[in-house]
Amino acid sequence: MRFVLSFIVLIASSLSFAAHKIPAFTGPDFTGVYQCKGLDMHEGEYKGKVTLKLKKEHSQAQYGSYDFLLEVPGYGKYPGHMAANGLSAAMHFALENQSTHDFGTGISQFSKNAKGQWQFHKFYFEPQFKGGNSGFEDCVKQ
């Protein structure tokens with residue numbers, strides 16, 4: 001009897017694990033290096049480079065998880081992360097030198113340009129940088 005009960009518990013627990021299988025990532029992969037032009041409401045126009053790297057182990061179905069790095073000459077590096085749902089994505093970034101409170105969240109829309117390259121348009125908000133700040137970036141994969 002004890003064996004039968006143990007067998008039933010084993011089967012039931014394996015069925016619950018099978019029901020929670022994570023679906024494979026099927027969304028677009030935005031991995032790569034992007035050249036960007038931005039307009040910051042406090043700092044003005046700037047150029048930068050964004051590097052995105054898919055974290056496949058944390059991605060599923062149309063949802064993609066990414067490492068994010070923005071590099072802006074004269075300002076520094078802004079590491080962060082990105083979560084994508086199809087062609088829409090949210091990004092969090094923070095300047096490595098945290099004393100300026102230069103961090104924020106962006107929302108982006110990806111598309112392909114006439115040359116077939118991935119590109120994105122981003123709006124961002126920085127709640128604490130210089131009393132609050134926002135801006136835009138347009139980036140094209142190289």
# chains A, B, ... in the order shown; residues from 1 in each chain; ligands from 1
>>> residues_around(residues="region 54-61 of chain A", least_positions_apart="2", cutoff="10 Å", atoms="only C-alpha atoms", output="PyMOL selection string")
chain A and resi 22-32+52+63-68+81-86
>>> residues_around(residues="Trp118 (chain A)", least_positions_apart="3", cutoff="8 Å", atoms="only C-alpha atoms", output="list in words")
Phe30, Phe110, Ser111, Lys112, Asn113, Val140 and Lys141 of chain A
>>> write_last_selection(atoms="C-alpha atoms", output="PDB file, in the first residue's frame")
ATOM      1  CA  PHE A  30      17.315  42.178 -31.027  1.00  0.00           C
ATOM      2  CA  PHE A 110      11.323  48.161 -32.693  1.00  0.00           C
ATOM      3  CA  SER A 111      10.970  47.958 -36.474  1.00  0.00           C
ATOM      4  CA  LYS A 112      13.125  47.216 -39.506  1.00  0.00           C
ATOM      5  CA  ASN A 113      14.351  50.019 -41.752  1.00  0.00           C
ATOM      6  CA  VAL A 140      19.922  51.540 -35.686  1.00  0.00           C
ATOM      7  CA  LYS A 141      21.604  48.129 -35.494  1.00  0.00           C
TER       8      LYS A 141
END
>>> select_by_dssp(residues="region 17-135 of chain A", states="helix (DSSP H, G or I)", output="PyMOL selection string")
chain A and resi 17-19+56-58+98-100+129-131
>>> atom_distance(atom1="CA of Phe129 (chain A)", atom2="CA of His101 (chain A)")
5.2 Å
>>> closest_residue(among="A:Gln62, A:Ser88, A:Asn133, A:Thr100", to="His121 (chain A)", atoms="only C-alpha atoms")
A:Ser88
>>> closest_residue(among="A:Asp40, A:Tyr46, A:Ala89, A:Asp138", to="Asp102 (chain A)", atoms="only C-alpha atoms")
A:Asp40
>>> residues_around(residues="Glu126 (chain A)", least_positions_apart="5", cutoff="12 Å", atoms="only C-alpha atoms", output="list in words")
Asp40, Met41, His42, Met91, His92, Phe93, Ala94, Leu95, Thr100, His101, Asp102, Phe103, Gly104, Thr105, Gly106, Gly131, Gly132, Asn133, Ser134, Gly135 and Phe136 of chain A
>>> closest_residue(among="A:Gln98, A:Lys21, A:Cys139, A:Ala90", to="Tyr124 (chain A)", atoms="only C-alpha atoms")
A:Ala90
>>> closest_residue(among="A:Lys49, A:Lys122, A:Lys37, A:Lys130", to="Lys77 (chain A)", atoms="only C-alpha atoms")
A:Lys49
